[in-house]
Every structure is written in C-alpha cells, then in structure tokens.
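With mmCIF, C-alpha atoms and all ligand atoms inside, this is coords14.cif:
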```cif
data_run
loop_
_atom_site.group_PDB
_atom_site.id
_atom_site.type_symbol
_atom_site.label_atom_id
_atom_site.label_comp_id
_atom_site.auth_asym_id
_atom_site.auth_seq_id
_atom_site.Cartn_x
_atom_site.Cartn_y
_atom_site.Cartn_z
ATOM 1 C CA MET S 1 148.394 63.579 202.288
ATOM 2 C CA GLN S 2 145.399 61.411 203.100
ATOM 3 C CA GLN S 3 142.015 61.421 201.405
ATOM 4 C CA VAL S 4 139.199 60.797 203.878
ATOM 5 C CA LYS S 5 135.679 60.082 202.681
ATOM 6 C CA THR S 6 133.630 59.247 205.767
ATOM 7 C CA ILE S 7 132.704 61.286 208.834
ATOM 8 C CA ALA S 8 133.699 58.444 211.181
ATOM 9 C CA GLN S 9 137.210 58.227 209.687
ATOM 10 C CA MET S 10 137.558 62.001 209.696
ATOM 11 C CA GLN S 11 136.621 62.248 213.375
ATOM 12 C CA GLU S 12 138.997 59.411 214.233
ATOM 13 C CA LEU S 13 141.941 61.044 212.447
ATOM 14 C CA SER S 14 141.264 64.424 214.045
ATOM 15 C CA LYS S 15 141.017 62.828 217.518
ATOM 16 C CA GLN S 16 144.354 61.061 216.957
ATOM 17 C CA TRP S 17 145.995 64.340 216.013
ATOM 18 C CA HIS S 18 144.525 66.093 219.033
ATOM 19 C CA PHE S 19 145.691 63.197 221.224
ATOM 20 C CA CYS S 20 149.249 63.807 219.955
ATOM 21 C CA GLY S 21 148.923 67.473 220.952
ATOM 22 C CA ASP S 22 148.446 68.871 217.466
ATOM 23 C CA LYS S 23 146.071 71.717 216.652
ATOM 24 C CA VAL S 24 143.800 71.115 213.696
ATOM 25 C CA ALA S 25 142.740 73.762 211.162
ATOM 26 C CA VAL S 26 139.994 73.282 208.602
ATOM 27 C CA ILE S 27 139.546 75.076 205.304
ATOM 28 C CA PRO S 28 136.020 74.382 204.039
ATOM 29 C CA THR S 29 135.783 74.625 200.239
ATOM 30 C CA MET S 30 133.629 73.499 197.361
ATOM 31 C CA GLY S 31 136.735 72.630 195.340
ATOM 32 C CA ALA S 32 137.780 74.128 191.983
ATOM 33 C CA LEU S 33 140.655 75.506 194.016
ATOM 34 C CA HIS S 34 142.571 78.622 193.022
ATOM 35 C CA GLU S 35 145.298 80.790 194.496
ATOM 36 C CA GLY S 36 142.769 82.302 196.944
ATOM 37 C CA HIS S 37 142.138 78.869 198.502
ATOM 38 C CA LEU S 38 145.847 78.057 198.523
ATOM 39 C CA SER S 39 146.518 81.265 200.444
ATOM 40 C CA LEU S 40 144.094 79.971 203.102
ATOM 41 C CA ILE S 41 146.148 76.769 203.456
ATOM 42 C CA ARG S 42 149.303 78.843 203.918
ATOM 43 C CA LEU S 43 147.607 81.015 206.524
ATOM 44 C CA ALA S 44 146.272 77.943 208.364
ATOM 45 C CA LYS S 45 149.825 76.758 208.990
ATOM 46 C CA LYS S 46 150.352 79.739 211.290
ATOM 47 C CA TYR S 47 147.535 78.525 213.527
ATOM 48 C CA ALA S 48 147.732 74.721 213.504
ATOM 49 C CA GLN S 49 150.034 71.766 212.950
ATOM 50 C CA LYS S 50 147.490 69.737 210.955
ATOM 51 C CA ILE S 51 145.571 71.155 208.008
ATOM 52 C CA ILE S 52 142.409 69.627 206.586
ATOM 53 C CA VAL S 53 140.847 70.931 203.382
ATOM 54 C CA THR S 54 137.237 69.880 202.869
ATOM 55 C CA ILE S 55 135.978 69.617 199.299
ATOM 56 C CA PHE S 56 132.222 69.254 199.028
ATOM 57 C CA VAL S 57 129.876 70.926 196.558
ATOM 58 C CA ASN S 58 127.054 71.518 198.988
ATOM 59 C CA PRO S 59 123.675 71.091 197.238
ATOM 60 C CA THR S 60 121.657 72.832 199.966
ATOM 61 C CA GLN S 61 123.262 76.238 199.390
ATOM 62 C CA PHE S 62 122.281 76.357 195.711
ATOM 63 C CA GLY S 63 118.857 77.687 194.787
ATOM 64 C CA GLU S 64 116.645 76.547 191.966
ATOM 65 C CA GLY S 65 118.115 77.498 188.580
ATOM 66 C CA GLU S 66 121.582 78.097 190.078
ATOM 67 C CA ASP S 67 124.765 76.367 188.920
ATOM 68 C CA LEU S 68 124.835 73.228 191.127
ATOM 69 C CA ASP S 69 125.138 70.808 188.186
ATOM 70 C CA ALA S 70 127.560 73.005 186.259
ATOM 71 C CA TYR S 71 129.764 73.744 189.282
ATOM 72 C CA PRO S 72 133.323 72.629 188.393
ATOM 73 C CA ARG S 73 134.558 69.470 190.168
ATOM 74 C CA PRO S 74 138.227 68.946 189.215
ATOM 75 C CA LEU S 75 138.886 66.691 192.225
ATOM 76 C CA LYS S 76 142.204 65.173 191.063
ATOM 77 C CA GLU S 77 143.669 68.583 190.295
ATOM 78 C CA ASP S 78 142.373 69.966 193.623
ATOM 79 C CA MET S 79 143.936 67.106 195.600
ATOM 80 C CA HIS S 80 147.236 67.625 193.811
ATOM 81 C CA LEU S 81 147.202 71.334 194.743
ATOM 82 C CA CYS S 82 146.402 70.565 198.390
ATOM 83 C CA ASP S 83 149.228 68.049 198.481
ATOM 84 C CA LEU S 84 151.690 70.547 196.984
ATOM 85 C CA GLU S 85 150.638 73.174 199.563
ATOM 86 C CA GLY S 86 151.259 70.708 202.382
ATOM 87 C CA ALA S 87 147.706 69.930 203.558
ATOM 88 C CA ASP S 88 147.625 66.820 205.762
ATOM 89 C CA ALA S 89 144.223 65.532 204.686
ATOM 90 C CA VAL S 90 141.460 66.247 202.236
ATOM 91 C CA PHE S 91 137.927 65.411 203.360
ATOM 92 C CA THR S 92 135.801 64.534 200.317
ATOM 93 C CA PRO S 93 132.493 63.121 201.574
ATOM 94 C CA SER S 94 129.633 62.130 199.271
ATOM 95 C CA ALA S 95 126.283 63.954 199.371
ATOM 96 C CA GLN S 96 124.798 60.809 200.964
ATOM 97 C CA GLU S 97 127.445 60.929 203.720
ATOM 98 C CA MET S 98 126.674 64.564 204.577
ATOM 99 C CA TYR S 99 122.902 64.388 204.088
ATOM 100 C CA PRO S 100 121.726 60.840 204.812
ATOM 101 C CA GLN S 101 118.261 59.888 203.539
ATOM 102 C CA GLY S 102 115.601 61.677 205.574
ATOM 103 C CA SER S 103 117.855 64.492 206.898
ATOM 104 C CA SER S 104 115.516 67.111 208.343
ATOM 105 C CA THR S 105 117.672 69.277 210.629
ATOM 106 C CA TRP S 106 118.877 72.747 209.679
ATOM 107 C CA VAL S 107 121.054 75.418 211.250
ATOM 108 C CA ASP S 108 119.706 78.859 210.455
ATOM 109 C CA GLU S 109 121.225 82.246 211.346
ATOM 110 C CA THR S 110 118.389 84.747 211.176
ATOM 111 C CA GLN S 111 119.889 88.242 211.168
ATOM 112 C CA VAL S 112 123.284 88.775 209.537
ATOM 113 C CA GLY S 113 122.336 86.602 206.573
ATOM 114 C CA LEU S 114 119.053 88.352 205.783
ATOM 115 C CA GLY S 115 120.172 91.046 203.323
ATOM 116 C CA LEU S 116 122.545 91.082 200.337
ATOM 117 C CA CYS S 117 123.194 87.514 199.076
ATOM 118 C CA GLY S 118 120.714 86.187 201.652
ATOM 119 C CA ALA S 119 117.927 88.270 200.116
ATOM 120 C CA LYS S 120 118.902 87.426 196.526
ATOM 121 C CA ARG S 121 119.612 83.717 197.094
ATOM 122 C CA LEU S 122 116.843 82.512 199.383
ATOM 123 C CA GLY S 123 117.935 79.629 201.613
ATOM 124 C CA HIS S 124 121.582 80.031 200.618
ATOM 125 C CA PHE S 125 122.952 80.851 204.057
ATOM 126 C CA ARG S 126 120.813 78.192 205.737
ATOM 127 C CA GLY S 127 122.593 75.717 203.450
ATOM 128 C CA VAL S 128 125.975 77.228 204.328
ATOM 129 C CA THR S 129 125.463 77.267 208.105
ATOM 130 C CA THR S 130 124.084 73.732 208.050
ATOM 131 C CA ILE S 131 126.990 72.296 206.062
ATOM 132 C CA VAL S 132 129.623 74.250 207.996
ATOM 133 C CA THR S 133 128.150 72.858 211.230
ATOM 134 C CA LYS S 134 128.299 69.341 209.800
ATOM 135 C CA LEU S 135 131.869 69.863 208.570
ATOM 136 C CA PHE S 136 132.930 71.176 211.995
ATOM 137 C CA LEU S 137 131.404 68.116 213.645
ATOM 138 C CA ALA S 138 133.217 65.836 211.200
ATOM 139 C CA VAL S 139 136.613 67.531 211.356
ATOM 140 C CA LEU S 140 136.537 68.674 215.014
ATOM 141 C CA PRO S 141 138.863 71.604 214.236
ATOM 142 C CA ASP S 142 140.429 74.111 216.619
ATOM 143 C CA CYS S 143 140.202 76.799 213.984
ATOM 144 C CA ALA S 144 138.612 77.389 210.600
ATOM 145 C CA ILE S 145 139.785 79.708 207.834
ATOM 146 C CA PHE S 146 137.321 81.491 205.531
ATOM 147 C CA GLY S 147 138.092 84.055 202.829
ATOM 148 C CA GLU S 148 136.894 87.649 203.143
ATOM 149 C CA LYS S 149 135.790 87.494 199.516
ATOM 150 C CA ASP S 150 132.553 85.968 200.861
ATOM 151 C CA PHE S 151 132.334 88.783 203.380
ATOM 152 C CA GLN S 152 128.725 88.193 204.397
ATOM 153 C CA GLN S 153 129.284 84.434 204.657
ATOM 154 C CA LEU S 154 132.193 85.070 207.033
ATOM 155 C CA ALA S 155 129.982 87.335 209.181
ATOM 156 C CA VAL S 156 127.173 84.754 209.232
ATOM 157 C CA ILE S 157 129.584 81.993 210.268
ATOM 158 C CA ARG S 158 131.154 84.145 212.968
ATOM 159 C CA ARG S 159 127.670 84.843 214.355
ATOM 160 C CA MET S 160 126.704 81.152 214.238
ATOM 161 C CA VAL S 161 129.926 80.122 216.012
ATOM 162 C CA ARG S 162 129.330 82.747 218.704
ATOM 163 C CA ASP S 163 125.641 81.956 219.157
ATOM 164 C CA LEU S 164 126.084 78.167 219.269
ATOM 165 C CA ASN S 165 129.334 78.269 221.323
ATOM 166 C CA PHE S 166 131.344 76.234 218.862
ATOM 167 C CA PRO S 167 134.858 75.721 220.269
ATOM 168 C CA VAL S 168 136.300 76.845 216.938
ATOM 169 C CA GLU S 169 138.263 80.017 216.236
ATOM 170 C CA VAL S 170 137.074 81.568 212.975
ATOM 171 C CA ILE S 171 139.844 83.298 211.045
ATOM 172 C CA GLY S 172 139.113 85.633 208.144
ATOM 173 C CA ALA S 173 141.681 85.773 205.335
ATOM 174 C CA PRO S 174 142.164 88.623 202.856
ATOM 175 C CA LEU S 175 140.591 88.430 199.414
ATOM 176 C CA ILE S 176 143.100 87.517 196.694
ATOM 177 C CA ARG S 177 142.997 89.208 193.271
ATOM 178 C CA GLU S 178 144.368 88.427 189.841
ATOM 179 C CA GLU S 179 147.048 90.872 188.702
ATOM 180 C CA ASP S 180 144.479 92.961 186.835
ATOM 181 C CA GLY S 181 142.253 93.263 189.918
ATOM 182 C CA LEU S 182 139.620 90.567 189.330
ATOM 183 C CA ALA S 183 138.742 88.875 192.617
ATOM 184 C CA MET S 184 139.696 85.177 192.426
ATOM 185 C CA SER S 185 136.683 82.897 192.295
ATOM 186 C CA SER S 186 135.935 79.356 191.166
ATOM 187 C CA ARG S 187 133.139 80.894 189.086
ATOM 188 C CA ASN S 188 135.623 82.940 186.996
ATOM 189 C CA ARG S 189 136.016 79.689 185.001
ATOM 190 C CA TYR S 190 132.586 80.316 183.482
ATOM 191 C CA LEU S 191 133.664 83.634 181.890
ATOM 192 C CA SER S 192 134.552 84.140 178.229
ATOM 193 C CA ASN S 193 137.511 86.454 177.555
ATOM 194 C CA GLU S 194 135.123 89.312 176.894
ATOM 195 C CA GLU S 195 133.037 88.685 180.019
ATOM 196 C CA ARG S 196 136.208 88.408 182.080
ATOM 197 C CA SER S 197 137.426 91.754 180.847
ATOM 198 C CA ASN S 198 133.981 93.302 181.469
ATOM 199 C CA ALA S 199 134.006 91.902 185.002
ATOM 200 C CA LEU S 200 136.991 94.093 185.841
ATOM 201 C CA SER S 201 134.400 96.846 186.236
ATOM 202 C CA LEU S 202 133.640 95.346 189.665
ATOM 203 C CA SER S 203 137.051 96.038 191.183
ATOM 204 C CA LYS S 204 137.380 99.292 189.222
ATOM 205 C CA SER S 205 134.076 100.596 190.564
ATOM 206 C CA LEU S 206 134.998 99.549 194.111
ATOM 207 C CA ASN S 207 138.359 101.321 193.881
ATOM 208 C CA TYR S 208 136.595 104.362 192.469
ATOM 209 C CA ALA S 209 134.108 104.432 195.354
ATOM 210 C CA LEU S 210 136.802 104.130 198.014
ATOM 211 C CA GLU S 211 138.844 106.942 196.441
ATOM 212 C CA GLU S 212 135.746 109.158 196.328
ATOM 213 C CA ILE S 213 134.956 108.445 199.993
ATOM 214 C CA LYS S 214 138.552 109.210 201.027
ATOM 215 C CA ASN S 215 138.577 112.487 199.111
ATOM 216 C CA LYS S 216 134.981 113.584 199.873
ATOM 217 C CA PRO S 217 133.618 111.851 202.978
ATOM 218 C CA SER S 218 130.497 114.011 202.682
ATOM 219 C CA ILE S 219 129.460 112.237 199.466
ATOM 220 C CA THR S 220 126.377 110.054 199.938
ATOM 221 C CA PRO S 221 126.141 106.282 199.440
ATOM 222 C CA GLU S 222 123.220 106.914 197.047
ATOM 223 C CA ILE S 223 125.366 108.971 194.672
ATOM 224 C CA LEU S 224 128.185 106.428 194.724
ATOM 225 C CA LYS S 225 125.765 103.524 194.229
ATOM 226 C CA GLY S 226 124.415 105.245 191.119
ATOM 227 C CA GLU S 227 127.917 105.819 189.747
ATOM 228 C CA MET S 228 129.062 102.263 190.445
ATOM 229 C CA HIS S 229 125.858 100.892 188.933
ATOM 230 C CA GLU S 230 126.530 102.858 185.763
ATOM 231 C CA MET S 231 130.167 101.673 185.565
ATOM 232 C CA ILE S 232 129.169 98.007 185.913
ATOM 233 C CA GLU S 233 126.081 98.010 183.697
ATOM 234 C CA SER S 234 127.821 99.959 180.917
ATOM 235 C CA SER S 235 130.408 97.134 180.923
ATOM 236 C CA GLY S 236 127.724 94.524 180.328
ATOM 237 C CA GLY S 237 127.159 93.485 183.964
ATOM 238 C CA GLN S 238 123.757 93.084 185.595
ATOM 239 C CA VAL S 239 123.962 94.484 189.110
ATOM 240 C CA ASP S 240 122.398 92.380 191.845
ATOM 241 C CA TYR S 241 123.310 94.725 194.690
ATOM 242 C CA ILE S 242 125.761 97.440 195.720
ATOM 243 C CA GLU S 243 125.836 98.182 199.442
ATOM 244 C CA PHE S 244 127.842 100.413 201.755
ATOM 245 C CA LEU S 245 127.939 98.822 205.187
ATOM 246 C CA ASN S 246 129.560 99.041 208.568
ATOM 247 C CA ALA S 247 132.104 96.194 208.383
ATOM 248 C CA GLU S 248 131.269 94.801 211.807
ATOM 249 C CA SER S 249 127.501 95.087 212.112
ATOM 250 C CA LEU S 250 126.774 94.845 208.367
ATOM 251 C CA GLN S 251 124.294 97.676 208.952
ATOM 252 C CA GLU S 252 123.675 99.890 205.928
ATOM 253 C CA LEU S 253 125.384 103.303 206.084
ATOM 254 C CA ASP S 254 123.523 106.489 205.255
ATOM 255 C CA GLY S 255 126.722 108.570 205.254
ATOM 256 C CA PHE S 256 130.483 108.214 205.616
ATOM 257 C CA MET S 257 131.477 110.929 208.115
ATOM 258 C CA ASN S 258 132.955 109.106 211.154
ATOM 259 C CA ALA S 259 131.592 105.853 209.747
ATOM 260 C CA GLY S 260 134.565 103.838 211.070
ATOM 261 C CA GLU S 261 135.176 100.623 209.186
ATOM 262 C CA ILE S 262 133.347 100.733 205.881
ATOM 263 C CA ARG S 263 132.822 97.771 203.523
ATOM 264 C CA VAL S 264 131.500 98.160 200.044
ATOM 265 C CA LEU S 265 129.968 94.950 198.716
ATOM 266 C CA VAL S 266 128.860 94.282 195.179
ATOM 267 C CA ALA S 267 127.294 91.363 193.298
ATOM 268 C CA ALA S 268 126.667 91.303 189.565
ATOM 269 C CA LYS S 269 126.130 88.850 186.756
ATOM 270 C CA PHE S 270 128.439 88.668 183.771
ATOM 271 C CA GLY S 271 127.206 86.105 181.267
ATOM 272 C CA PRO S 272 126.636 82.860 183.178
ATOM 273 C CA ALA S 273 128.591 83.891 186.282
ATOM 274 C CA ARG S 274 127.243 85.700 189.310
ATOM 275 C CA LEU S 275 130.325 87.332 190.851
ATOM 276 C CA ILE S 276 130.803 89.046 194.195
ATOM 277 C CA ASP S 277 133.531 91.408 195.329
ATOM 278 C CA ASN S 278 134.164 93.786 198.213
ATOM 279 C CA MET S 279 136.672 96.308 199.516
ATOM 280 C CA GLY S 280 137.121 98.058 202.846
ATOM 281 C CA LEU S 281 138.225 101.409 204.173
ATOM 282 C CA THR S 282 138.544 102.831 207.668
ATOM 283 C CA LEU S 283 137.484 106.435 208.259
ATOM 284 C CA GLY S 284 138.219 108.170 211.546
HETATM 285 O O1 LIG S 301 132.658 79.350 200.600
HETATM 286 C C1 LIG S 301 132.419 78.205 200.198
HETATM 287 O O2 LIG S 301 133.124 77.639 199.366
HETATM 288 C C2 LIG S 301 131.215 77.478 200.756
HETATM 289 O O3 LIG S 301 130.145 78.336 200.954
HETATM 290 C C3 LIG S 301 131.511 76.671 202.034
HETATM 291 C C4 LIG S 301 131.910 77.572 203.185
HETATM 292 C C5 LIG S 301 132.628 75.676 201.742
HETATM 293 C C6 LIG S 301 130.280 75.883 202.467
HETATM 294 O O4 LIG S 301 129.889 74.990 201.486
#
```
Spell out the structure here as structure tokens.
Amino acid sequence: MQQVKTIAQMQELSKQWHFCGDKVAVIPTMGALHEGHLSLIRLAKKYAQKIIVTIFVNPTQFGEGEDLDAYPRPLKEDMHLCDLEGADAVFTPSAQEMYPQGSSTWVDETQVGLGLCGAKRLGHFRGVTTIVTKLFLAVLPDCAIFGEKDFQQLAVIRRMVRDLNFPVEVIGAPLIREEDGLAMSSRNRYLSNEERSNALSLSKSLNYALEEIKNKPSITPEILKGEMHEMIESSGGQVDYIEFLNAESLQELDGFMNAGEIRVLVAAKFGPARLIDNMGLTLG
C-alpha cells in the first residue's frame, strides 16, 4: 500500500490506474478508523479495482469551540488497518496542501444541509462539500463510498454531485453498530464507561420509535419526539435534535400514514462527545 501526500502525486497515480483500465474508489475519512470505515473499504472492492482511503482532519468543517484540536489522529494505526483491509493507497495531505495560503473558494450546498446538523453546526456542511470536492479533484475517483451514519452528509454530497455534474458515483453504506447497539464513531473514543453506557439510549430510543410507528402508524412525530427526548435526557444526554424525515427529500414528516421511507435522526451530547445516530423504516 502506498502513502501519497501531495495532490499532484495522487492525480498521477489515479491517472495511471485509469490508463490501465482500473476503476478507482475513494473512501474519504478523517482517520481514527473503526470497523465502520473498514466495512466501507470492503464494500468499495465490489465497485472498483483500486481503493484509496483519504485521511484528513478537515479544519473547515469544525466550528468554533468544537473538537478540531482534540480530534484523534492515530495515523500509523490507521495506515496499518487500511493495509490489512487491502487498500491500494492512503492519501494523507497536509492542511497546507489542501488549503494553500489565501484559499478563498468554497462549495456550498444551500438546501439539504440547512436543517439538523447544518443548523446546529453553522458552516459545517460548507466545509464538508468544499473538502469533498477537493478530494475528488485530487483522487479522480469513479465512485465514492460514504457511511449512512452521517445520513444528512450523504444527502448533501449526493445533491452536490448531482448539481455540479461530478462524474462520480456516490454509494451509501449501512451504519455499523457495536454489539450492544452503539453506532460506531471515531468520537466514541471520548466517552467514559459511564457515558458510553448512557449513550446506548440513542439506539434504544430509535428502536423504540420504529417499533411504535410499526405498531401504531397513527402516532404523531411530536409524541414520539417527546418520548425519545425523555429516554435520552434521563440517561444523561443533552438532545440537540430528534427529527422524523422522509428519507429521500429530508423533509420533516407531520405523520406516518403512507409516509413511505422514514428516517429518524438524532443528535445528542454525552460528556465531551456529540453523537449522531439514525434508523430507517419503510411504511406502505
Ligand atoms: O465523514 C467524514 O469523516 C468527513 O465529514 C469527510 C466526508 C471525510 C469530509 O471531511
């Protein structure tokens, strides 16, 4: 497995692979890799012959007072994991390489990213769409794999790729959970044992809501939001949002009868970690 640090070298390598007839898949990450990321590498192999994992903690998607400095950066361990999973290259540019002095160009999706995390973390998705554009232009991939754990991010990127005609197929991959139900996240490393056990209220409340919807589709989102809120806050979490949305449009639902594909998204803080989780259900 190769480590590539500059955009010029990355483009060159990708062009060589394309010249040889290989398809190239990219898995953009901020490192601190876990089983969820590794599942993306495995999935990528179904779509392409060459797999590139990018590892870059992107400063422009962190707001003031967020965890940019504290964000874990176990690069050696990450590279070892990518190698074991059979990635062909790891792209690890510096901040200077991705944002040269005087950078003043942004890519901004202005609809799908407005609510939820976009409303709570101002400028976050502008940072994501800008870096993903830059990573696409460095890696020149045929396809890109993103986890459904960041459900809104995936929707924002799909919209950006459609609107800007990127020749990149965006593939969403299922969220991966620990055995006890906690959604895998690099930020789980911040949790104490107690906070980690409290954070299980996220997946428990999501499962509860889906069961309730299945059994009583006439129940309202407002009632379920209140119940989920109570479950999470009584376990020590601070709820940021709980939303019931149409999975495709990300429009808020005011009821579940014939709602089609429903996604329930939740964000809450446990100790130092802001965690997100989501689950889906299709109703006829
Ligand atoms: O999901 C992430 O890890 C990041 O938001 C991404 C897509 C790598 C952009 O920095």
**OP:** Report as a PyMOL selection string the full result of the PyMOL selection byres (((chain S and resi 75) around 12) and not hetatm) when it is applied to this structure.
**Re:** chain S and resi 3+29-33+54-57+71-74+76-82+90-93
**OP:** Would you mind reading off the distance between CA of Ser185 (chain S) and CA of Lys214 (chain S), one decimal, in Å?
**Re:** 27.8 Å
Which residues, written as an mmCIF file with C-alpha atoms, in the coordinates of the input, have at least one atom at most 10 Å from region 161-169 of chain S, with all atoms listed in the file counted and residues fewer than 2 positions away on the same chain left out?
```
data_model
loop_
_atom_site.group_PDB
_atom_site.id
_atom_site.type_symbol
_atom_site.label_atom_id
_atom_site.label_comp_id
_atom_site.auth_asym_id
_atom_site.auth_seq_id
_atom_site.Cartn_x
_atom_site.Cartn_y
_atom_site.Cartn_z
ATOM 1 C CA VAL S 24 143.800 71.115 213.696
ATOM 2 C CA ALA S 25 142.740 73.762 211.162
ATOM 3 C CA VAL S 26 139.994 73.282 208.602
ATOM 4 C CA TYR S 47 147.535 78.525 213.527
ATOM 5 C CA VAL S 107 121.054 75.418 211.250
ATOM 6 C CA GLU S 109 121.225 82.246 211.346
ATOM 7 C CA THR S 129 125.463 77.267 208.105
ATOM 8 C CA VAL S 132 129.623 74.250 207.996
ATOM 9 C CA THR S 133 128.150 72.858 211.230
ATOM 10 C CA PHE S 136 132.930 71.176 211.995
ATOM 11 C CA LEU S 137 131.404 68.116 213.645
ATOM 12 C CA LEU S 140 136.537 68.674 215.014
ATOM 13 C CA PRO S 141 138.863 71.604 214.236
ATOM 14 C CA ASP S 142 140.429 74.111 216.619
ATOM 15 C CA CYS S 143 140.202 76.799 213.984
ATOM 16 C CA ALA S 144 138.612 77.389 210.600
ATOM 17 C CA ILE S 145 139.785 79.708 207.834
ATOM 18 C CA ALA S 155 129.982 87.335 209.181
ATOM 19 C CA VAL S 156 127.173 84.754 209.232
ATOM 20 C CA ILE S 157 129.584 81.993 210.268
ATOM 21 C CA ARG S 158 131.154 84.145 212.968
ATOM 22 C CA ARG S 159 127.670 84.843 214.355
ATOM 23 C CA ILE S 171 139.844 83.298 211.045
ATOM 24 C CA GLY S 172 139.113 85.633 208.144
#
```
Subject >> Output of the PyMOL selection byres (((chain S and resi 224) around 12) and not hetatm), listed as an MDAnalysis selection string >> reply: chainID S and resid 205:213 216:223 225:231 242:244 254:256 264
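Excluding Gly86 (chain S) itself and any same-chain residue fewer than 3 positions from it, the protein and nucleic acid residues within 9 Å of it, counting only C-alpha atoms, are Met1, Ile41, Arg42, Ile51, Leu81, Cys82 and Asp83 of chain S.
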Original post:
What does the distance from CA of Thr282 (chain S) to CA of Ala247 (chain S) come to in Å, to one decimal?
Top reply: 9.3 Å
Original post:
Any idea what the distance is between CA of Tyr99 (chain S) and CA of Val128 (chain S)?
Top reply: 13.2 Å
Subject >> Of the listed residues S:Ile276, S:Ala8, S:Met257, S:Val112, that which approaches ligand LIG 301 (chain S) most closely, counting all atoms listed in the file >> reply: S:Ile276
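Proximity to ligand LIG 301 (chain S) was assessed for S:Lys15, S:Arg263, S:Lys46, S:Lys149 counting all atoms listed in the file; the smallest distance is recorded for S:Lys149.
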Subject >> Residues within 10 Å of Ser197 (chain S), all atoms listed in the file, excluding chain neighbours under 5 positions, as a ChimeraX atom specification >> reply: /S:180,182,191-192,235,270
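For the choices S:Asp67, S:Glu252, S:Glu148, S:Asp22, the atom-to-atom distance to ligand LIG 301 (chain S) is smallest for S:Glu148 when using all atoms listed in the file.
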Axis-aligned box for all listed atoms of region 29-40 of chain S, 4 Å per side, centre and edges in Å to one decimal, as AutoDock Vina command-line options:
```
--center_x 140.1 --center_y 77.5 --center_z 197.5 --size_x 20.9 --size_y 17.7 --size_z 19.1
```
**OP:** List the residues matched by the PyMOL selection byres (((chain S and resi 105) around 12) and not hetatm) in the displayed structure as a list in words, ordered by chain and then by residue number.
**Re:** Thr60, Met98, Tyr99, Pro100, Gln101, Gly102, Ser103, Ser104, Trp106, Val107, Asp108, Arg126, Gly127, Thr129, Thr130, Ile131, Thr133 and Lys134 of chain S
Could you pull region 75-87 of chain S out of the structure just shown and give N, CA and C atoms as a PDB file, in the first residue's frame?
```pdb
ATOM      1  N   LEU S  75      -2.434   8.089  13.059  1.00  0.00           N
ATOM      2  CA  LEU S  75      -2.165   7.827  11.636  1.00  0.00           C
ATOM      3  C   LEU S  75      -1.530   6.458  11.377  1.00  0.00           C
ATOM      4  N   LYS S  76      -0.521   6.107  12.216  1.00  0.00           N
ATOM      5  CA  LYS S  76       0.179   4.818  11.984  1.00  0.00           C
ATOM      6  C   LYS S  76      -0.790   3.638  12.057  1.00  0.00           C
ATOM      7  N   GLU S  77      -1.619   3.698  13.118  1.00  0.00           N
ATOM      8  CA  GLU S  77      -2.600   2.618  13.326  1.00  0.00           C
ATOM      9  C   GLU S  77      -3.588   2.583  12.147  1.00  0.00           C
ATOM     10  N   ASP S  78      -4.027   3.769  11.718  1.00  0.00           N
ATOM     11  CA  ASP S  78      -4.990   3.854  10.601  1.00  0.00           C
ATOM     12  C   ASP S  78      -4.398   3.246   9.328  1.00  0.00           C
ATOM     13  N   MET S  79      -3.107   3.577   9.078  1.00  0.00           N
ATOM     14  CA  MET S  79      -2.484   3.083   7.834  1.00  0.00           C
ATOM     15  C   MET S  79      -2.367   1.560   7.893  1.00  0.00           C
ATOM     16  N   HIS S  80      -2.045   1.070   9.092  1.00  0.00           N
ATOM     17  CA  HIS S  80      -1.921  -0.383   9.260  1.00  0.00           C
ATOM     18  C   HIS S  80      -3.270  -1.057   8.940  1.00  0.00           C
ATOM     19  N   LEU S  81      -4.358  -0.468   9.460  1.00  0.00           N
ATOM     20  CA  LEU S  81      -5.687  -1.051   9.223  1.00  0.00           C
ATOM     21  C   LEU S  81      -6.041  -1.030   7.729  1.00  0.00           C
ATOM     22  N   CYS S  82      -5.721   0.077   7.069  1.00  0.00           N
ATOM     23  CA  CYS S  82      -6.022   0.176   5.628  1.00  0.00           C
ATOM     24  C   CYS S  82      -5.243  -0.881   4.855  1.00  0.00           C
ATOM     25  N   ASP S  83      -3.987  -1.052   5.246  1.00  0.00           N
ATOM     26  CA  ASP S  83      -3.135  -2.046   4.600  1.00  0.00           C
ATOM     27  C   ASP S  83      -3.730  -3.444   4.783  1.00  0.00           C
ATOM     28  N   LEU S  84      -4.108  -3.749   6.025  1.00  0.00           N
ATOM     29  CA  LEU S  84      -4.681  -5.086   6.307  1.00  0.00           C
ATOM     30  C   LEU S  84      -5.947  -5.324   5.503  1.00  0.00           C
ATOM     31  N   GLU S  85      -6.750  -4.255   5.304  1.00  0.00           N
ATOM     32  CA  GLU S  85      -8.019  -4.406   4.561  1.00  0.00           C
ATOM     33  C   GLU S  85      -7.803  -4.450   3.059  1.00  0.00           C
ATOM     34  N   GLY S  86      -6.573  -4.175   2.609  1.00  0.00           N
ATOM     35  CA  GLY S  86      -6.273  -4.274   1.193  1.00  0.00           C
ATOM     36  C   GLY S  86      -6.488  -2.989   0.408  1.00  0.00           C
ATOM     37  N   ALA S  87      -6.439  -1.821   1.089  1.00  0.00           N
ATOM     38  CA  ALA S  87      -6.481  -0.556   0.331  1.00  0.00           C
ATOM     39  C   ALA S  87      -5.197  -0.457  -0.501  1.00  0.00           C
TER      40      ALA S  87
END
```
